[in-house]
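A.B. asks: What follows is structure32.cif, mmCIF, C-alpha atoms and all ligand atoms.
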```cif
data_structure
#
loop_
_atom_site.label_atom_id
_atom_site.label_comp_id
_atom_site.auth_asym_id
_atom_site.auth_seq_id
_atom_site.Cartn_x
_atom_site.Cartn_y
_atom_site.Cartn_z
CA MET A 11 51.39 79.93 159.56
CA ASP A 12 50.28 81.12 156.13
CA SER A 13 52.82 81.10 153.34
CA THR A 14 52.83 84.66 151.99
CA PRO A 15 55.73 85.93 149.84
CA ASP A 16 56.84 88.01 152.88
CA ASN A 17 57.03 84.94 155.12
CA GLU A 18 58.89 82.99 152.44
CA LEU A 19 61.40 85.80 152.10
CA ALA A 20 61.85 85.96 155.88
CA ASP A 21 62.41 82.16 156.00
CA GLU A 22 64.91 82.36 153.17
CA LEU A 23 66.82 85.17 154.89
CA LEU A 24 66.91 83.20 158.14
CA ALA A 25 68.27 80.14 156.30
CA VAL A 26 70.95 82.17 154.53
CA THR A 27 71.98 83.87 157.77
CA GLY A 28 72.22 80.50 159.49
CA GLN A 29 74.40 79.10 156.70
CA LEU A 30 76.66 82.16 156.81
CA ARG A 31 77.06 81.88 160.59
CA ALA A 32 77.96 78.18 160.28
CA GLN A 33 80.52 78.97 157.57
CA LEU A 34 82.14 81.68 159.70
CA ARG A 35 82.35 79.25 162.63
CA ARG A 36 84.04 76.69 160.36
CA HIS A 37 86.57 79.28 159.16
CA ALA A 38 87.30 80.35 162.73
CA ALA A 39 87.77 76.72 163.76
CA LEU A 40 90.23 76.30 160.89
CA GLY A 41 92.21 79.20 162.24
CA ALA A 42 91.34 81.55 159.38
CA TRP A 43 91.67 84.61 161.53
CA ALA A 44 91.68 87.00 158.63
CA ALA A 45 91.36 87.06 154.94
CA PRO A 46 94.32 88.73 153.27
CA GLY A 47 93.31 90.47 150.11
CA THR A 48 89.64 90.58 151.10
CA PRO A 49 87.65 93.59 152.29
CA THR A 50 89.14 93.06 155.78
CA ALA A 51 92.43 94.55 154.53
CA ARG A 52 93.40 97.91 155.99
CA PRO A 53 91.60 100.70 154.19
CA GLY A 54 94.05 102.39 151.89
CA ALA A 55 96.77 99.80 152.43
CA GLY A 56 96.79 99.08 148.71
CA ASP A 57 100.05 97.14 148.94
CA GLY A 58 98.73 93.61 149.03
CA ALA A 59 99.35 93.46 152.77
CA PRO A 60 96.93 91.35 154.75
CA SER A 61 94.84 93.08 157.37
CA ALA A 62 96.76 94.46 160.34
CA GLU A 63 93.67 93.91 162.46
CA VAL A 64 93.81 90.17 162.51
CA PHE A 65 93.96 90.07 166.28
CA ASP A 66 90.78 92.04 166.51
CA ASP A 67 88.10 89.49 167.37
CA THR A 68 85.56 91.52 165.43
CA VAL A 69 87.30 90.93 162.10
CA VAL A 70 85.24 88.45 160.14
CA PRO A 71 87.34 85.55 158.87
CA LEU A 72 86.39 85.06 155.25
CA GLY A 73 88.96 82.98 153.44
CA ARG A 74 92.42 81.53 153.16
CA ARG A 75 95.33 81.92 150.80
CA THR A 76 97.98 79.33 150.12
CA LEU A 77 101.52 79.74 151.40
CA ALA A 78 102.68 80.27 147.82
CA GLN A 79 100.13 83.07 147.34
CA ILE A 80 101.17 84.67 150.63
CA ARG A 81 104.83 84.51 149.57
CA THR A 82 103.90 86.18 146.29
CA ASP A 83 101.95 88.87 148.15
CA LEU A 84 105.00 89.52 150.30
CA GLY A 85 107.22 89.94 147.23
CA GLU A 86 110.56 91.69 147.69
CA CYS A 87 109.04 93.44 150.68
CA THR A 88 109.93 97.07 151.37
CA ARG A 89 107.06 97.75 153.78
CA CYS A 90 109.36 98.57 156.71
CA LYS A 91 112.88 99.81 157.25
CA LEU A 92 114.28 96.31 157.87
CA HIS A 93 114.46 95.81 154.12
CA THR A 94 117.37 98.25 153.95
CA THR A 95 119.64 96.04 156.09
CA ARG A 96 118.43 92.49 155.45
CA ARG A 97 120.05 90.01 153.09
CA SER A 98 117.13 87.57 152.87
CA ILE A 99 113.45 87.43 153.56
CA VAL A 100 113.02 84.51 155.95
CA PHE A 101 109.51 83.36 155.13
CA GLY A 102 109.20 80.07 157.04
CA VAL A 103 109.83 76.40 156.50
CA GLY A 104 108.01 73.11 156.94
CA ALA A 105 104.85 71.27 156.04
CA GLU A 106 102.02 73.24 154.42
CA ASP A 107 99.45 71.44 156.58
CA ALA A 108 101.51 71.02 159.75
CA PRO A 109 99.35 70.45 162.83
CA LEU A 110 102.19 71.84 164.94
CA MET A 111 103.86 75.20 164.40
CA PHE A 112 106.76 76.97 166.14
CA VAL A 113 107.01 80.76 166.08
CA GLY A 114 110.12 82.69 167.11
CA GLU A 115 110.92 86.38 167.13
CA ALA A 116 113.07 87.36 164.16
CA PRO A 117 115.86 85.96 161.99
CA GLY A 118 119.41 86.30 163.26
CA GLU A 119 122.66 86.48 161.32
CA GLN A 120 122.69 82.86 160.12
CA GLU A 121 119.02 82.93 159.19
CA ASP A 122 119.53 86.18 157.27
CA LYS A 123 122.42 84.55 155.36
CA ARG A 124 120.57 81.36 154.55
CA GLY A 125 116.98 82.57 154.21
CA GLU A 126 115.68 79.95 156.62
CA PRO A 127 114.45 80.36 160.21
CA PHE A 128 116.31 78.87 163.16
CA VAL A 129 119.47 77.61 161.48
CA GLY A 130 121.99 79.10 163.94
CA PRO A 131 122.85 77.78 167.42
CA ALA A 132 119.31 78.41 168.75
CA GLY A 133 118.00 76.57 165.70
CA GLU A 134 120.14 73.54 166.48
CA LEU A 135 118.57 73.39 169.92
CA LEU A 136 115.10 73.92 168.45
CA ASP A 137 115.68 70.99 166.09
CA LYS A 138 116.61 68.83 169.09
CA MET A 139 113.47 69.94 170.94
CA ILE A 140 111.29 69.12 167.92
CA GLU A 141 112.97 65.74 167.50
CA ALA A 142 112.64 64.93 171.20
CA MET A 143 108.89 65.44 170.71
CA GLY A 144 108.96 62.83 167.93
CA TRP A 145 108.61 65.33 165.07
CA SER A 146 111.00 66.79 162.52
CA ARG A 147 111.61 70.26 161.08
CA GLN A 148 110.02 69.03 157.82
CA SER A 149 106.79 67.85 159.44
CA VAL A 150 106.13 70.96 161.56
CA TYR A 151 106.17 74.60 160.40
CA VAL A 152 108.72 77.11 161.71
CA ALA A 153 108.37 80.87 161.28
CA ASN A 154 108.99 84.18 163.05
CA THR A 155 107.02 87.28 163.97
CA THR A 156 109.16 89.25 161.52
CA LYS A 157 110.70 87.99 158.31
CA CYS A 158 113.74 90.25 158.16
CA ARG A 159 116.68 90.46 160.54
CA PRO A 160 116.70 93.55 162.75
CA PRO A 161 120.15 95.20 162.76
CA GLN A 162 122.43 93.93 165.56
CA ASN A 163 119.65 91.48 166.46
CA ARG A 164 117.70 94.19 168.29
CA ASN A 165 114.03 93.47 169.01
CA PRO A 166 111.62 94.14 166.15
CA GLN A 167 109.95 97.53 166.57
CA PRO A 168 106.18 98.09 166.65
CA ASP A 169 106.00 99.54 163.12
CA GLU A 170 107.95 96.54 161.78
CA LEU A 171 105.69 94.07 163.58
CA ALA A 172 102.61 95.92 162.36
CA GLN A 173 103.72 95.40 158.77
CA CYS A 174 104.92 91.83 159.17
CA MET A 175 102.56 90.11 161.61
CA PRO A 176 99.66 90.05 159.13
CA PHE A 177 101.79 87.79 156.92
CA LEU A 178 102.42 85.41 159.81
CA GLN A 179 98.70 85.44 160.54
CA ALA A 180 97.99 84.62 156.92
CA GLN A 181 100.49 81.73 157.14
CA VAL A 182 98.74 80.45 160.26
CA ALA A 183 95.41 80.63 158.46
CA ALA A 184 96.86 78.79 155.44
CA ILE A 185 98.48 76.03 157.48
CA GLY A 186 95.72 75.61 160.06
CA PRO A 187 97.87 74.23 162.88
CA ARG A 188 96.13 72.82 165.94
CA ILE A 189 98.93 73.97 168.23
CA ILE A 190 101.44 76.82 168.03
CA VAL A 191 104.47 76.83 170.30
CA ALA A 192 105.41 80.47 170.89
CA LEU A 193 109.15 80.66 171.48
CA GLY A 194 109.94 83.41 173.96
CA ARG A 195 108.13 86.45 175.21
CA PRO A 196 108.08 88.55 172.03
CA ALA A 197 106.46 85.77 169.99
CA ALA A 198 104.04 84.90 172.78
CA ASN A 199 103.12 88.54 173.25
CA GLN A 200 102.46 89.04 169.54
CA LEU A 201 100.39 85.89 169.21
CA LEU A 202 98.39 86.46 172.36
CA GLY A 203 98.04 90.24 172.24
CA THR A 204 99.51 90.77 175.71
CA ASP A 205 102.72 92.12 177.18
CA ALA A 206 102.90 89.65 180.04
CA PRO A 207 106.29 88.04 180.78
CA ILE A 208 106.93 84.54 179.50
CA SER A 209 107.15 83.19 183.05
CA THR A 210 103.46 83.97 183.60
CA LEU A 211 102.35 82.78 180.16
CA ARG A 212 104.24 79.49 179.78
CA GLY A 213 103.10 76.12 181.03
CA ARG A 214 99.48 76.32 179.86
CA PHE A 215 97.55 76.59 176.64
CA HIS A 216 95.98 79.84 175.51
CA ASP A 217 93.12 79.49 173.07
CA ARG A 218 93.32 81.77 170.02
CA HIS A 219 90.33 81.19 167.81
CA GLY A 220 90.46 77.44 168.29
CA ILE A 221 94.25 77.19 168.01
CA GLN A 222 96.03 76.24 171.23
CA VAL A 223 99.06 78.45 171.81
CA MET A 224 101.73 77.16 174.19
CA PRO A 225 104.28 79.81 175.17
CA THR A 226 107.65 78.49 176.27
CA PHE A 227 111.22 79.69 176.63
CA HIS A 228 113.12 80.69 173.51
CA PRO A 229 115.93 78.24 172.63
CA ALA A 230 118.47 81.11 172.67
CA TYR A 231 117.47 81.77 176.28
CA LEU A 232 117.77 78.05 177.04
CA LEU A 233 121.33 78.13 175.70
CA ARG A 234 122.11 80.87 178.21
CA GLU A 235 120.07 79.34 181.05
CA PRO A 236 120.26 75.57 180.65
CA ASP A 237 118.52 75.06 184.01
CA LYS A 238 115.32 76.26 182.35
CA LYS A 239 115.35 73.37 179.87
CA ARG A 240 113.42 71.28 182.36
CA ASP A 241 110.54 73.80 182.35
CA ALA A 242 110.59 74.00 178.57
CA TRP A 243 110.40 70.22 178.35
CA THR A 244 107.40 70.29 180.71
CA ASP A 245 105.69 72.68 178.26
CA LEU A 246 106.55 70.52 175.26
CA LYS A 247 105.23 67.42 177.02
CA LEU A 248 101.91 69.23 177.47
CA VAL A 249 101.95 69.86 173.72
CA MET A 250 102.67 66.18 173.04
CA SER A 251 99.80 65.09 175.31
CA GLU A 252 97.38 67.51 173.67
CA LEU A 253 98.34 66.31 170.18
CA GLU A 254 97.80 62.74 171.33
CA ARG A 255 94.42 63.68 172.79
CA LEU A 256 93.53 65.20 169.41
CA GLY A 257 94.54 61.93 167.71
CA ILE A 258 97.52 63.57 165.96
CA HIS A 259 100.57 61.34 165.90
CA PRO A 260 104.16 62.52 165.52
CA GLN A 261 105.46 62.63 161.95
CA ARG A 262 109.09 62.60 160.91
N1 LIG B 1 115.79 83.44 166.85
C1 LIG B 1 114.53 83.57 166.41
O1 LIG B 1 113.64 84.01 167.14
N2 LIG B 1 114.26 83.19 165.17
C2 LIG B 1 115.17 82.68 164.33
O2 LIG B 1 114.82 82.34 163.21
C3 LIG B 1 116.48 82.54 164.82
C4 LIG B 1 116.77 82.91 166.08
#
```
Starting from the file, lay out its structure as structure tokens.
C.D. replies:
Amino acid sequence: MDSTPDNELADELLAVTGQLRAQLRRHAALGAWAAPGTPTARPGAGDGAPSAEVFDDTVVPLGRRTLAQIRTDLGECTRCKLHTTRRSIVFGVGAEDAPLMFVGEAPGEQEDKRGEPFVGPAGELLDKMIEAMGWSRQSVYVANTTKCRPPQNRNPQPDELAQCMPFLQAQVAAIGPRIIVALGRPAANQLLGTDAPISTLRGRFHDRHGIQVMPTFHPAYLLREPDKKRDAWTDLKLVMSELERLGIHPQR
């Protein structure tokens, strides 16, 4: 083929497009589902909130922010009505590069007091579950679908989740976990974009942009229904096997 300026330009464009595609695939594999603060943010949001459309597969993942930057973006959040009743913003806790993440629903009374997720009775059980897997609270990452306690521990409402979930998504993108354990139906539903009951979701991995999501029973439910602990342990053993298959060893 002759080498005219037009052909050279076409070749160059093809090369650039190929590089861009490869980069987007790498970002998706890293779990960068969205790019807070980039043009993917909601038009007119103007409040530093990451895109609310992060579950939309058509959103192009473009970049990542650090946990510290995401915390700064969140600020003394007043984006939803939960700010009027909360004591603390419960951002999340654990390792910045944890391969394993646990996501619950919302802070309860103890978490609201202390500013840390899962520190009440359900948290004690969660710690035992994490330790039984060979990990520790410090070596995984623990967060919730909403960062403020709903009054009387009611379920978070759709408008609250819409404001808060983008921050969890940004945390997931920053951390890049290989596996997320979704604790209970609300967390599983938010992460998987479904309203199916936990009984139909648990016990198998669900792929979300290269991250394996394992729904299981919430520890608060396990405290009420101890017979279900066996099923939860089955789910966690699947997580342990998958981490081993990926060559990721437990860290304390
Ligand atoms: N339940 C949750 O879902 N999250 C917490 O942080 C505490 C209890």
A.B. asks: Just to confirm, what's the straight-line distance from atom CA of A:Lys247 to atom CA of A:Leu77 in Å (one decimal)?
C.D. replies: 28.7 Å
A.B. asks: Taking only residues of chain A that have an atom at most 7 Å from an atom of ligand LIG 1 (chain B), what is each one's shortest atom pair and its distance in Å to one decimal, using all atoms listed in the file, in chain and number order, as a Markdown table?
C.D. replies:
```
| residue | atom | partner | partner_atom | distance |
| --- | --- | --- | --- | --- |
| A:Gly114 | CA | B:LIG1 | O1 | 3.8 |
| A:Glu115 | CA | B:LIG1 | O1 | 3.6 |
| A:Ala116 | CA | B:LIG1 | N2 | 4.5 |
| A:Pro117 | CA | B:LIG1 | O2 | 4.0 |
| A:Gly118 | CA | B:LIG1 | C3 | 5.0 |
| A:Glu121 | CA | B:LIG1 | O2 | 5.8 |
| A:Pro127 | CA | B:LIG1 | O2 | 3.6 |
| A:Phe128 | CA | B:LIG1 | O2 | 3.8 |
| A:Val129 | CA | B:LIG1 | C3 | 6.7 |
| A:Gly130 | CA | B:LIG1 | C3 | 6.6 |
| A:Ala132 | CA | B:LIG1 | C4 | 5.8 |
| A:Gly133 | CA | B:LIG1 | C3 | 6.2 |
| A:Ala153 | CA | B:LIG1 | O2 | 6.9 |
| A:Asn154 | CA | B:LIG1 | N2 | 5.8 |
| A:Ala230 | CA | B:LIG1 | N1 | 6.8 |
```
A.B. asks: Could you tell me how far atom CA of A:Asn165 lies from atom CA of A:Arg188, in Å and to one decimal?
C.D. replies: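 One can read the atom CA of A:Asn165 to atom CA of A:Arg188 distance as 27.5 Å.
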A.B. asks: Taking into account all atoms listed in the file, which residue in the set A:Gly220, A:Pro168, A:Gly213, A:Pro236 is nearest to A:Gly186?
C.D. replies: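 Smallest distance to A:Gly186 is found for A:Gly220.
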A.B. asks: Give me the residues within 6 Å of A:Val100 as a PyMOL selection string, counting only C-alpha atoms and dropping any in the same chain fewer than 3 places off.
C.D. replies: chain A and resi 125-126+157
A.B. asks: Hey, what's within 12 Å of A:Pro196 if we count only C-alpha atoms and toss same-chain stuff fewer than 6 positions away? As a PyMOL selection string, please?
C.D. replies: chain A and resi 113-116+154-156+164-168+171+175+202-208+211+225-228
A.B. asks: Mind pulling up the distance from atom CA of A:Ser146 to atom CA of A:Arg74?
C.D. replies: 25.5 Å
A.B. asks: At a cut-off of 12 Å, using all atoms listed in the file, what residues contact A:Glu106? Leave out same-chain residues fewer than 4 positions from it and give the result as an mmCIF file with C-alpha atoms, in the coordinates of the input.
C.D. replies:
```
data_model
loop_
_atom_site.group_PDB
_atom_site.id
_atom_site.type_symbol
_atom_site.label_atom_id
_atom_site.label_comp_id
_atom_site.auth_asym_id
_atom_site.auth_seq_id
_atom_site.Cartn_x
_atom_site.Cartn_y
_atom_site.Cartn_z
ATOM 1 C CA ARG A 75 95.330 81.920 150.800
ATOM 2 C CA THR A 76 97.980 79.330 150.120
ATOM 3 C CA LEU A 77 101.520 79.740 151.400
ATOM 4 C CA ALA A 78 102.680 80.270 147.820
ATOM 5 C CA GLY A 102 109.200 80.070 157.040
ATOM 6 C CA LEU A 110 102.190 71.840 164.940
ATOM 7 C CA MET A 111 103.860 75.200 164.400
ATOM 8 C CA GLN A 148 110.020 69.030 157.820
ATOM 9 C CA SER A 149 106.790 67.850 159.440
ATOM 10 C CA VAL A 150 106.130 70.960 161.560
ATOM 11 C CA TYR A 151 106.170 74.600 160.400
ATOM 12 C CA VAL A 152 108.720 77.110 161.710
ATOM 13 C CA GLN A 181 100.490 81.730 157.140
ATOM 14 C CA VAL A 182 98.740 80.450 160.260
ATOM 15 C CA ALA A 183 95.410 80.630 158.460
ATOM 16 C CA ALA A 184 96.860 78.790 155.440
ATOM 17 C CA ILE A 185 98.480 76.030 157.480
ATOM 18 C CA GLY A 186 95.720 75.610 160.060
ATOM 19 C CA PRO A 187 97.870 74.230 162.880
#
```
A.B. asks: Using only C-alpha atoms, which of A:Met224, A:Pro161, A:Trp145, A:Arg96 sits nearest A:Leu248?
C.D. replies: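 The answer is A:Met224, which sits nearest to A:Leu248.
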A.B. asks: When distances are computed from only C-alpha atoms, which of A:Arg262, A:Arg255, A:His216, A:His93 shows the smallest separation from A:Glu141?
C.D. replies: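 Smallest separation from A:Glu141 among the options: A:Arg262.
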A.B. asks: Rank nothing, just name the residue among A:Ala105, A:Ile258, A:Ile80, A:Leu92 nearest to A:Asp169, using only C-alpha atoms.
C.D. replies: A:Leu92
A.B. asks: Using all atoms listed in the file for the distances, tell me which of A:Pro176, A:Val223, A:Thr210, A:Pro229 is nearest to A:Gly194.
C.D. replies: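 Nearest to A:Gly194: A:Pro229.
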A.B. asks: So, counting all atoms listed in the file, which residue among A:Arg218, A:Arg159, A:Arg89, A:Arg147 is closest to A:Gln120?
C.D. replies: A:Arg159
A.B. asks: Do you know which residues are at most 12 Å from stretch 85-88 of chain A counting only C-alpha atoms, after dropping those on the same chain fewer than 6 positions away, and could you put them as a PyMOL selection string?
C.D. replies: chain A and resi 57-59+78-79+94-101+156-158+170+173-174+177
